[in-house]
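K.L.:
Here you go, this is final_29.cif (mmCIF, C-alpha atoms).
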data_start
#
loop_
_atom_site.group_PDB
_atom_site.id
_atom_site.type_symbol
_atom_site.label_atom_id
_atom_site.label_comp_id
_atom_site.auth_asym_id
_atom_site.auth_seq_id
_atom_site.Cartn_x
_atom_site.Cartn_y
_atom_site.Cartn_z
ATOM 1 C CA MET A 1 -1.242 4.219 -41.184
ATOM 2 C CA GLY A 2 1.055 2.093 -43.400
ATOM 3 C CA ASN A 3 4.242 3.818 -42.241
ATOM 4 C CA ILE A 4 4.046 2.953 -38.527
ATOM 5 C CA ASP A 5 7.219 1.234 -37.369
ATOM 6 C CA PHE A 6 5.731 -1.516 -35.186
ATOM 7 C CA ALA A 7 9.104 -3.008 -34.316
ATOM 8 C CA SER A 8 10.331 0.333 -33.013
ATOM 9 C CA ILE A 9 7.118 0.896 -31.025
ATOM 10 C CA THR A 10 7.416 -2.564 -29.455
ATOM 11 C CA SER A 11 11.018 -1.936 -28.532
ATOM 12 C CA GLN A 12 10.168 1.451 -26.972
ATOM 13 C CA ILE A 13 7.317 -0.085 -24.977
ATOM 14 C CA VAL A 14 9.542 -2.876 -23.666
ATOM 15 C CA ASP A 15 12.124 -0.292 -22.603
ATOM 16 C CA ALA A 16 9.414 1.752 -20.825
ATOM 17 C CA PHE A 17 8.294 -1.377 -18.960
ATOM 18 C CA LYS A 18 11.874 -2.264 -17.969
ATOM 19 C CA VAL A 19 12.574 1.236 -16.656
ATOM 20 C CA ASN A 20 9.314 1.465 -14.683
ATOM 21 C CA LEU A 21 9.379 -2.020 -13.201
ATOM 22 C CA SER A 22 13.058 -2.059 -12.215
ATOM 23 C CA LYS A 23 12.742 1.442 -10.716
ATOM 24 C CA ASN A 24 9.820 0.131 -8.661
ATOM 25 C CA TRP A 25 11.874 -2.787 -7.274
ATOM 26 C CA LYS A 26 14.817 -0.488 -6.501
ATOM 27 C CA GLU A 27 12.472 1.691 -4.440
ATOM 28 C CA ILE A 28 10.545 -1.132 -2.824
ATOM 29 C CA LYS A 29 13.442 -3.464 -1.991
ATOM 30 C CA PRO A 30 14.976 -1.362 0.852
ATOM 31 C CA TYR A 31 11.536 -0.739 2.319
ATOM 32 C CA ALA A 32 10.553 -4.421 2.132
ATOM 33 C CA GLU A 33 13.869 -5.507 3.687
ATOM 34 C CA LYS A 34 13.590 -2.957 6.519
ATOM 35 C CA GLU A 35 10.049 -4.053 7.379
ATOM 36 C CA ALA A 36 10.929 -7.753 7.208
ATOM 37 C CA LYS A 37 13.800 -7.154 9.637
ATOM 38 C CA ALA A 38 11.588 -5.106 11.993
ATOM 39 C CA PHE A 39 8.906 -7.841 11.938
ATOM 40 C CA THR A 40 11.450 -10.511 12.869
ATOM 41 C CA GLU A 41 12.902 -8.393 15.678
ATOM 42 C CA ASN A 42 9.465 -7.708 17.115
ATOM 43 C CA LEU A 43 8.647 -11.426 17.094
ATOM 44 C CA LYS A 44 11.935 -12.056 18.886
ATOM 45 C CA LEU A 45 10.963 -9.509 21.586
ATOM 46 C CA ILE A 46 7.605 -11.230 22.051
ATOM 47 C CA ALA A 47 9.260 -14.653 22.255
ATOM 48 C CA GLU A 48 11.631 -13.324 24.947
ATOM 49 C CA LEU A 49 8.708 -11.919 26.944
ATOM 50 C CA LYS A 50 6.921 -15.281 26.759
ATOM 51 C CA LEU A 51 10.004 -17.340 27.609
ATOM 52 C CA SER A 52 10.829 -15.121 30.579
ATOM 53 C CA GLY A 53 7.297 -15.608 31.889
ATOM 54 C CA LYS A 54 6.465 -11.882 31.701
ATOM 55 C CA ILE A 55 3.496 -12.628 29.423
ATOM 56 C CA ASP A 56 1.287 -15.691 29.110
ATOM 57 C CA GLU A 57 0.311 -17.631 25.994
ATOM 58 C CA GLU A 58 -2.879 -15.696 25.268
ATOM 59 C CA THR A 59 -1.074 -12.368 25.590
ATOM 60 C CA ALA A 60 1.702 -13.604 23.288
ATOM 61 C CA ARG A 61 -0.932 -14.711 20.779
ATOM 62 C CA LEU A 62 -2.513 -11.231 20.728
ATOM 63 C CA HIS A 63 0.903 -9.650 20.262
ATOM 64 C CA VAL A 64 1.695 -11.982 17.347
ATOM 65 C CA GLU A 65 -1.667 -11.212 15.711
ATOM 66 C CA ILE A 66 -0.873 -7.499 15.856
ATOM 67 C CA GLN A 67 2.553 -8.136 14.288
ATOM 68 C CA LYS A 68 1.021 -10.315 11.550
ATOM 69 C CA ASN A 69 -1.562 -7.624 10.758
ATOM 70 C CA SER A 70 1.242 -5.083 10.509
ATOM 71 C CA MET A 71 3.139 -7.276 8.032
ATOM 72 C CA ARG A 72 -0.034 -7.799 6.002
ATOM 73 C CA ILE A 73 -0.575 -4.024 5.846
ATOM 74 C CA VAL A 74 3.019 -3.556 4.636
ATOM 75 C CA LEU A 75 2.551 -6.258 1.981
ATOM 76 C CA LEU A 76 -0.650 -4.560 0.818
ATOM 77 C CA THR A 77 1.263 -1.310 0.417
ATOM 78 C CA ILE A 78 3.923 -3.105 -1.631
ATOM 79 C CA LYS A 79 1.132 -4.566 -3.749
ATOM 80 C CA GLY A 80 -0.382 -1.083 -4.202
ATOM 81 C CA LEU A 81 2.971 0.440 -5.163
ATOM 82 C CA SER A 82 3.480 -2.356 -7.697
ATOM 83 C CA ILE A 83 0.026 -1.749 -9.176
ATOM 84 C CA LEU A 84 0.902 1.940 -9.561
ATOM 85 C CA THR A 85 4.111 0.946 -11.323
ATOM 86 C CA VAL A 86 2.215 -1.247 -13.775
ATOM 87 C CA GLU A 87 -0.234 1.607 -14.312
ATOM 88 C CA ASN A 88 2.671 3.963 -15.078
ATOM 89 C CA ALA A 89 4.204 1.439 -17.460
ATOM 90 C CA ILE A 90 0.903 0.981 -19.321
ATOM 91 C CA ASN A 91 0.337 4.735 -19.571
ATOM 92 C CA ALA A 92 3.918 5.208 -20.802
ATOM 93 C CA ALA A 93 3.227 2.588 -23.485
ATOM 94 C CA LEU A 94 -0.030 4.342 -24.467
ATOM 95 C CA ALA A 95 1.837 7.648 -24.790
ATOM 96 C CA ILE A 96 4.398 6.000 -27.077
ATOM 97 C CA ILE A 97 1.644 4.564 -29.257
ATOM 98 C CA ARG A 98 -0.176 7.903 -29.351
ATOM 99 C CA THR A 99 3.007 9.730 -30.431
ATOM 100 C CA ALA A 100 3.754 7.148 -33.128
ATOM 101 C CA VAL A 101 0.234 7.228 -34.539
ATOM 102 C CA ASN A 102 0.077 11.035 -34.579
ATOM 103 C CA ALA A 103 3.519 11.174 -36.258
ATOM 104 C CA ALA A 104 2.475 8.627 -38.898
ATOM 105 C CA ILE A 105 -0.721 10.471 -39.676
ATOM 106 C CA GLY A 106 1.014 13.833 -39.686
ATOM 107 C CA TRP A 107 -1.279 15.651 -37.269
ATOM 108 C CA PRO A 108 -2.430 15.060 -33.657
ATOM 109 C CA VAL A 109 -5.443 12.817 -34.193
ATOM 110 C CA LEU A 110 -5.074 11.274 -30.671
ATOM 111 C CA MET B 1 11.851 -24.978 -46.046
ATOM 112 C CA LYS B 2 8.316 -23.650 -46.064
ATOM 113 C CA LYS B 3 8.067 -19.897 -46.417
ATOM 114 C CA ILE B 4 5.880 -18.339 -43.748
ATOM 115 C CA THR B 5 3.635 -15.596 -45.122
ATOM 116 C CA LEU B 6 1.878 -13.161 -42.846
ATOM 117 C CA PRO B 7 -1.797 -12.471 -43.450
ATOM 118 C CA LYS B 8 -2.246 -9.484 -45.780
ATOM 119 C CA LYS B 9 -4.588 -7.765 -43.351
ATOM 120 C CA LEU B 10 -2.135 -7.953 -40.415
ATOM 121 C CA PRO B 11 -0.794 -4.381 -40.778
ATOM 122 C CA LEU B 12 -4.386 -3.089 -40.907
ATOM 123 C CA VAL B 13 -5.366 -5.081 -37.803
ATOM 124 C CA LEU B 14 -2.300 -3.886 -35.932
ATOM 125 C CA SER B 15 -3.020 -0.297 -36.988
ATOM 126 C CA LEU B 16 -6.598 -0.533 -35.727
ATOM 127 C CA LEU B 17 -5.422 -2.041 -32.432
ATOM 128 C CA LEU B 18 -2.908 0.768 -32.011
ATOM 129 C CA LEU B 19 -5.617 3.364 -32.698
ATOM 130 C CA PHE B 20 -7.902 1.719 -30.145
ATOM 131 C CA PHE B 21 -5.312 1.629 -27.360
ATOM 132 C CA ALA B 22 -3.972 5.092 -28.095
ATOM 133 C CA SER B 23 -7.489 6.539 -27.926
ATOM 134 C CA CYS B 24 -7.608 5.624 -24.232
ATOM 135 C CA ASN B 25 -6.310 8.724 -22.458
ATOM 136 C CA SER B 26 -4.869 6.828 -19.548
ATOM 137 C CA VAL B 27 -5.460 3.767 -17.428
ATOM 138 C CA LYS B 28 -6.198 3.786 -13.677
ATOM 139 C CA LEU B 29 -5.665 0.505 -11.870
ATOM 140 C CA ILE B 30 -6.039 1.830 -8.322
ATOM 141 C CA ALA B 31 -8.084 4.577 -6.672
ATOM 142 C CA ASP B 32 -7.045 8.216 -6.720
ATOM 143 C CA TYR B 33 -5.539 10.102 -3.824
ATOM 144 C CA ASN B 34 -8.222 11.552 -1.548
ATOM 145 C CA GLU B 35 -7.381 14.581 0.611
ATOM 146 C CA ALA B 36 -10.185 14.002 3.155
ATOM 147 C CA ASN B 37 -9.110 10.382 3.698
ATOM 148 C CA PHE B 38 -5.478 11.412 4.007
ATOM 149 C CA THR B 39 -6.335 14.025 6.632
ATOM 150 C CA ALA B 40 -8.415 11.489 8.575
ATOM 151 C CA LEU B 41 -5.576 8.948 8.402
ATOM 152 C CA ASN B 42 -3.162 11.518 9.786
ATOM 153 C CA GLU B 43 -5.558 12.143 12.691
ATOM 154 C CA VAL B 44 -5.682 8.417 13.442
ATOM 155 C CA GLN B 45 -1.892 8.230 13.268
ATOM 156 C CA GLU B 46 -1.518 11.159 15.688
ATOM 157 C CA ARG B 47 -3.878 9.611 18.238
ATOM 158 C CA ILE B 48 -2.177 6.236 18.128
ATOM 159 C CA THR B 49 1.296 7.775 18.302
ATOM 160 C CA GLY B 50 0.147 9.877 21.276
ATOM 161 C CA PHE B 51 -1.132 6.738 23.019
ATOM 162 C CA PHE B 52 2.253 5.036 22.745
ATOM 163 C CA VAL B 53 4.171 8.150 23.787
ATOM 164 C CA ASP B 54 2.060 8.087 27.005
ATOM 165 C CA MET B 55 2.469 4.339 27.460
ATOM 166 C CA GLU B 56 6.253 4.548 27.227
ATOM 167 C CA THR B 57 6.227 6.268 30.613
ATOM 168 C CA SER B 58 2.928 5.135 32.123
ATOM 169 C CA ALA B 59 2.753 1.389 31.298
ATOM 170 C CA GLY B 60 2.652 -0.638 34.494
ATOM 171 C CA THR B 61 1.457 2.346 36.548
ATOM 172 C CA ALA B 62 -2.026 3.540 37.521
ATOM 173 C CA ASN B 63 -1.881 6.207 34.796
ATOM 174 C CA GLY B 64 -1.276 3.521 32.182
ATOM 175 C CA SER B 65 -4.358 1.486 33.067
ATOM 176 C CA TYR B 66 -7.185 0.727 30.640
ATOM 177 C CA ALA B 67 -9.605 2.918 32.606
ATOM 178 C CA ASN B 68 -7.707 5.981 31.332
ATOM 179 C CA HIS B 69 -7.872 4.838 27.710
ATOM 180 C CA ALA B 70 -11.568 4.216 27.070
ATOM 181 C CA ALA B 71 -11.975 7.528 25.215
ATOM 182 C CA PHE B 72 -8.924 6.760 23.041
ATOM 183 C CA TYR B 73 -10.362 3.433 21.874
ATOM 184 C CA ARG B 74 -13.801 4.889 21.220
ATOM 185 C CA GLU B 75 -12.355 7.741 19.162
ATOM 186 C CA VAL B 76 -9.848 5.696 17.157
ATOM 187 C CA LYS B 77 -12.300 2.880 16.404
ATOM 188 C CA THR B 78 -14.907 5.393 15.241
ATOM 189 C CA LYS B 79 -12.399 7.179 12.990
ATOM 190 C CA ILE B 80 -11.137 3.930 11.458
ATOM 191 C CA GLN B 81 -14.615 2.588 10.839
ATOM 192 C CA THR B 82 -15.726 5.882 9.280
ATOM 193 C CA LEU B 83 -12.678 5.775 7.004
ATOM 194 C CA LYS B 84 -13.506 2.178 6.033
ATOM 195 C CA ILE B 85 -17.012 3.192 4.991
ATOM 196 C CA ARG B 86 -15.681 6.081 2.895
ATOM 197 C CA ALA B 87 -12.904 3.984 1.369
ATOM 198 C CA GLY B 88 -15.338 1.199 0.541
ATOM 199 C CA ALA B 89 -17.531 3.601 -1.421
ATOM 200 C CA VAL B 90 -14.724 4.364 -3.874
ATOM 201 C CA GLU B 91 -13.880 2.098 -6.821
ATOM 202 C CA LYS B 92 -10.535 0.303 -6.932
ATOM 203 C CA ASN B 93 -9.895 1.118 -3.287
ATOM 204 C CA GLU B 94 -9.791 -2.438 -1.935
ATOM 205 C CA ILE B 95 -6.227 -2.166 -0.693
ATOM 206 C CA LEU B 96 -7.008 0.751 1.637
ATOM 207 C CA THR B 97 -10.212 -0.955 2.822
ATOM 208 C CA ASN B 98 -8.272 -4.133 3.629
ATOM 209 C CA GLN B 99 -5.543 -2.176 5.394
ATOM 210 C CA LEU B 100 -8.116 -0.394 7.555
ATOM 211 C CA THR B 101 -9.763 -3.725 8.424
ATOM 212 C CA LEU B 102 -6.390 -5.042 9.607
ATOM 213 C CA LEU B 103 -5.663 -1.847 11.563
ATOM 214 C CA ASP B 104 -9.094 -2.078 13.182
ATOM 215 C CA SER B 105 -8.393 -5.680 14.200
ATOM 216 C CA SER B 106 -5.060 -4.621 15.706
ATOM 217 C CA ILE B 107 -6.759 -1.889 17.735
ATOM 218 C CA TYR B 108 -9.234 -4.468 19.092
ATOM 219 C CA ASN B 109 -6.333 -6.730 20.088
ATOM 220 C CA LEU B 110 -4.502 -3.775 21.634
ATOM 221 C CA GLU B 111 -7.592 -3.042 23.689
ATOM 222 C CA LYS B 112 -7.707 -6.663 24.931
ATOM 223 C CA LEU B 113 -4.059 -6.397 25.967
ATOM 224 C CA ASP B 114 -4.775 -3.077 27.678
ATOM 225 C CA LYS B 115 -7.665 -4.551 29.662
ATOM 226 C CA ALA B 116 -5.310 -7.275 30.929
ATOM 227 C CA GLY B 117 -2.662 -4.630 31.710
ATOM 228 C CA ILE B 118 0.202 -3.715 29.351
ATOM 229 C CA LYS B 119 3.613 -4.127 30.951
ATOM 230 C CA PRO B 120 6.474 -1.702 30.164
ATOM 231 C CA ASP B 121 8.402 -4.345 28.144
ATOM 232 C CA GLU B 122 5.379 -4.934 25.913
ATOM 233 C CA VAL B 123 5.204 -1.340 24.688
ATOM 234 C CA LYS B 124 8.138 -1.491 22.245
ATOM 235 C CA PRO B 125 6.926 -4.308 19.938
ATOM 236 C CA LEU B 126 3.404 -2.856 19.993
ATOM 237 C CA LYS B 127 4.593 0.656 19.157
ATOM 238 C CA ASN B 128 6.802 -0.746 16.381
ATOM 239 C CA ALA B 129 3.912 -2.702 14.851
ATOM 240 C CA PHE B 130 1.555 0.266 14.823
ATOM 241 C CA GLU B 131 4.241 2.577 13.444
ATOM 242 C CA SER B 132 4.914 0.116 10.610
ATOM 243 C CA SER B 133 1.210 -0.217 9.895
ATOM 244 C CA LEU B 134 0.515 3.513 9.839
ATOM 245 C CA THR B 135 3.644 4.312 7.819
ATOM 246 C CA ALA B 136 2.663 1.687 5.249
ATOM 247 C CA ILE B 137 -0.889 2.996 4.880
ATOM 248 C CA ILE B 138 0.226 6.623 4.584
ATOM 249 C CA LYS B 139 3.075 5.681 2.210
ATOM 250 C CA LEU B 140 0.653 4.195 -0.286
ATOM 251 C CA GLN B 141 -1.766 7.104 -0.009
ATOM 252 C CA LEU B 142 1.058 9.552 -0.747
ATOM 253 C CA ALA B 143 2.059 7.491 -3.791
ATOM 254 C CA LEU B 144 -1.520 7.779 -5.078
ATOM 255 C CA LYS B 145 -0.955 11.500 -5.569
ATOM 256 C CA ARG B 146 0.593 10.524 -8.927
ATOM 257 C CA GLY B 147 2.487 13.754 -9.305
ATOM 258 C CA LYS B 148 -0.340 15.956 -7.973
ATOM 259 C CA LYS B 149 0.815 18.706 -5.621
#
Just give me the structure of the file as structure tokens.
P.N.:
Amino acid sequence: MGNIDFASITSQIVDAFKVNLSKNWKEIKPYAEKEAKAFTENLKLIAELKLSGKIDEETARLHVEIQKNSMRIVLLTIKGLSILTVENAINAALAIIRTAVNAAIGWPVL
Amino acid sequence: MKKITLPKKLPLVLSLLLLFFASCNSVKLIADYNEANFTALNEVQERITGFFVDMETSAGTANGSYANHAAFYREVKTKIQTLKIRAGAVEKNEILTNQLTLLDSSIYNLEKLDKAGIKPDEVKPLKNAFESSLTAIIKLQLALKRGKK
């Protein structure tokens, strides 16, 4: 076990984290932006309905609650996707460690 | 300048830590994909989408009244609540459970709006909200496949 290059392993793990986490944001960003825009537009529609007198305050409130729930669901999905990304990054790091240990020992002990 | 010396046992400790972490096959931070739940979610999505397709033409008319939708609400609420029970029984599935709770709440609010009478101009923001919600829930479930076919 004395010939494990810890500095190299650390560097590889950091790279794996960078790749996984930045890939996640690249995928999530357009989705998050699209949903944020849709949420705002829907609120604008509801405001117009209220201001024009087509719906009353209670009706507007119910509409807004539905929109808020929708945004919360979207945020939960973003949270879930981020958790998956962290999971992938951790498992990538574990694979690096496993490879390094097996290489140092000379046979696949892990 | 004082020379900093590392403890002699540090390489051994690091080696043991590496062995420990590498012995873990993999880590799961969130529940697995579940085919039965995914199928049930798709059924819920179809029913809700169907409701709004009808409402786009029938809102504000006799055909678009709440009286014609009682079966829809009963069916969708039952499906969502059944899904919540199943999701709640699985470890690390809190996100789906919370999403279903929010969807359930939205269906209850939709029903209140329907009882008061949904006007044609109200359909668009409602349809958009439910589409966003359902897309988000299904999007995460698909991601949970983790490379499974």
K.L.:
Pick from B:Glu122, B:Glu75, B:Asp32, B:Glu131: nearest to Leu43 in chain A, with only C-alpha atoms counted?
P.N.:
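Closest residue, counting only C-alpha atoms: B:Glu122.
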K.L.:
So that I can check the surroundings of range 34-42 of chain B, please list as a PyMOL selection string every protein, DNA and RNA residue that reaches within 12 Å of it, counting all atoms listed in the file and ignoring chain neighbours fewer than 4 positions away.
P.N.:
chain B and resi 46-49+75-76+78-90+93+96-97+99-100+103+133-146+148-149
K.L.:
What lies within 10 Å of range 52-63 of chain B using only C-alpha atoms, ignoring chain neighbours under 4 positions off, as a list in words?
P.N.:
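Everything that qualifies: Arg47, Ile48, Ala67, Asn68, His69, Asp114, Gly117, Ile118, Lys119, Pro120, Asp121, Glu122, Val123, Lys124, Leu126, Lys127, Asn128, Phe130 and Glu131 of chain B.
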K.L.:
Within 7 Å of chain B, which residues of chain A come that close, and what is the closest atom pair and distance in Å for each? Count all atoms listed in the file and give it as CSV.
P.N.:
residue,atom,partner,partner_atom,distance
A:Met1,CA,B:Ser15,CA,6.4
A:Asn42,CA,B:Pro125,CA,5.1
A:Leu45,CA,B:Pro125,CA,6.8
A:Thr59,CA,B:Leu113,CA,6.7
A:Leu62,CA,B:Asn109,CA,5.9
A:Ile66,CA,B:Ser106,CA,5.1
A:Gln67,CA,B:Ala129,CA,5.6
A:Asn69,CA,B:Leu102,CA,5.6
A:Ser70,CA,B:Ser133,CA,4.9
A:Ile73,CA,B:Gln99,CA,5.3
A:Val74,CA,B:Ala136,CA,5.3
A:Leu76,CA,B:Ile95,CA,6.3
A:Thr77,CA,B:Leu140,CA,5.6
A:Gly80,CA,B:Leu140,CA,6.7
A:Leu81,CA,B:Leu140,CA,6.6
A:Ile83,CA,B:Leu29,CA,6.7
A:Glu87,CA,B:Leu29,CA,6.1
A:Asn91,CA,B:Ser26,CA,5.6
A:Leu94,CA,B:Ala22,CA,5.4
A:Ile97,CA,B:Ala22,CA,5.8
A:Arg98,CA,B:Ala22,CA,4.9
A:Leu110,CA,B:Ser23,CA,6.0
K.L.:
Any idea what's packed within 8 Å of Ala93 in chain A, counting only C-alpha atoms, ignoring anything in its chain fewer than 2 positions away? Could you give it as a PDB file with C-alpha atoms, keeping the file's coordinate frame?
P.N.:
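File selection_6.pdb, as written:
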ATOM      1  CA  GLN A  12      10.168   1.451 -26.972  1.00  0.00           C
ATOM      2  CA  ILE A  13       7.317  -0.085 -24.977  1.00  0.00           C
ATOM      3  CA  ALA A  16       9.414   1.752 -20.825  1.00  0.00           C
ATOM      4  CA  PHE A  17       8.294  -1.377 -18.960  1.00  0.00           C
ATOM      5  CA  ALA A  89       4.204   1.439 -17.460  1.00  0.00           C
ATOM      6  CA  ILE A  90       0.903   0.981 -19.321  1.00  0.00           C
ATOM      7  CA  ASN A  91       0.337   4.735 -19.571  1.00  0.00           C
ATOM      8  CA  ALA A  95       1.837   7.648 -24.790  1.00  0.00           C
ATOM      9  CA  ILE A  96       4.398   6.000 -27.077  1.00  0.00           C
ATOM     10  CA  ILE A  97       1.644   4.564 -29.257  1.00  0.00           C
TER      11      ILE A  97
END
K.L.:
Give the answer as one residue: which of A:Lys23, A:Lys37, A:Arg61, A:Lys50 has the shortest atom-to-atom distance to Ser82 in chain A, using only C-alpha atoms?
P.N.:
A:Lys23
K.L.:
For CA of Lys68 in chain A and CA of Phe39 in chain A, determine how far apart the two atoms are, in Å to one decimal place.
P.N.:
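Those two atoms sit 8.3 Å apart.
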K.L.:
What are the centre and the three edge lengths of an axis-aligned box that wraps all atoms of range 92-110 of chain A in the file, given that 4 Å is added to every side, written as AutoDock Vina command-line options and rounded to one decimal in Å?
P.N.:
--center_x -0.5 --center_y 9.1 --center_z -30.2 --size_x 17.8 --size_y 21.1 --size_z 26.9
K.L.:
What is the distance, in Å and to one decimal place, between CA of Leu75 in chain A and CA of Ala36 in chain A?
P.N.:
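Spanning CA of Leu75 in chain A to CA of Ala36 in chain A is a straight-line distance of 10.0 Å.
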K.L.:
Determine, counting all atoms listed in the file, every residue of protein, DNA or RNA that lies within 7 Å of (7.8, 1.2, -10.9) in the file coordinates, then give the result as number ranges by chain.
P.N.:
A: 20-25, 82, 85-86
K.L.:
So how far away is CA of Lys44 in chain A from CA of Lys79 in chain A, in Å?
P.N.:
26.2 Å
K.L.:
Could you check the closest approach to Glu111 in chain B for each of A:Asp15, A:Gly106, A:Lys34, A:His63 and tell me which residue wins, using all atoms listed in the file?
P.N.:
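Nearest to Glu111 in chain B: A:His63.
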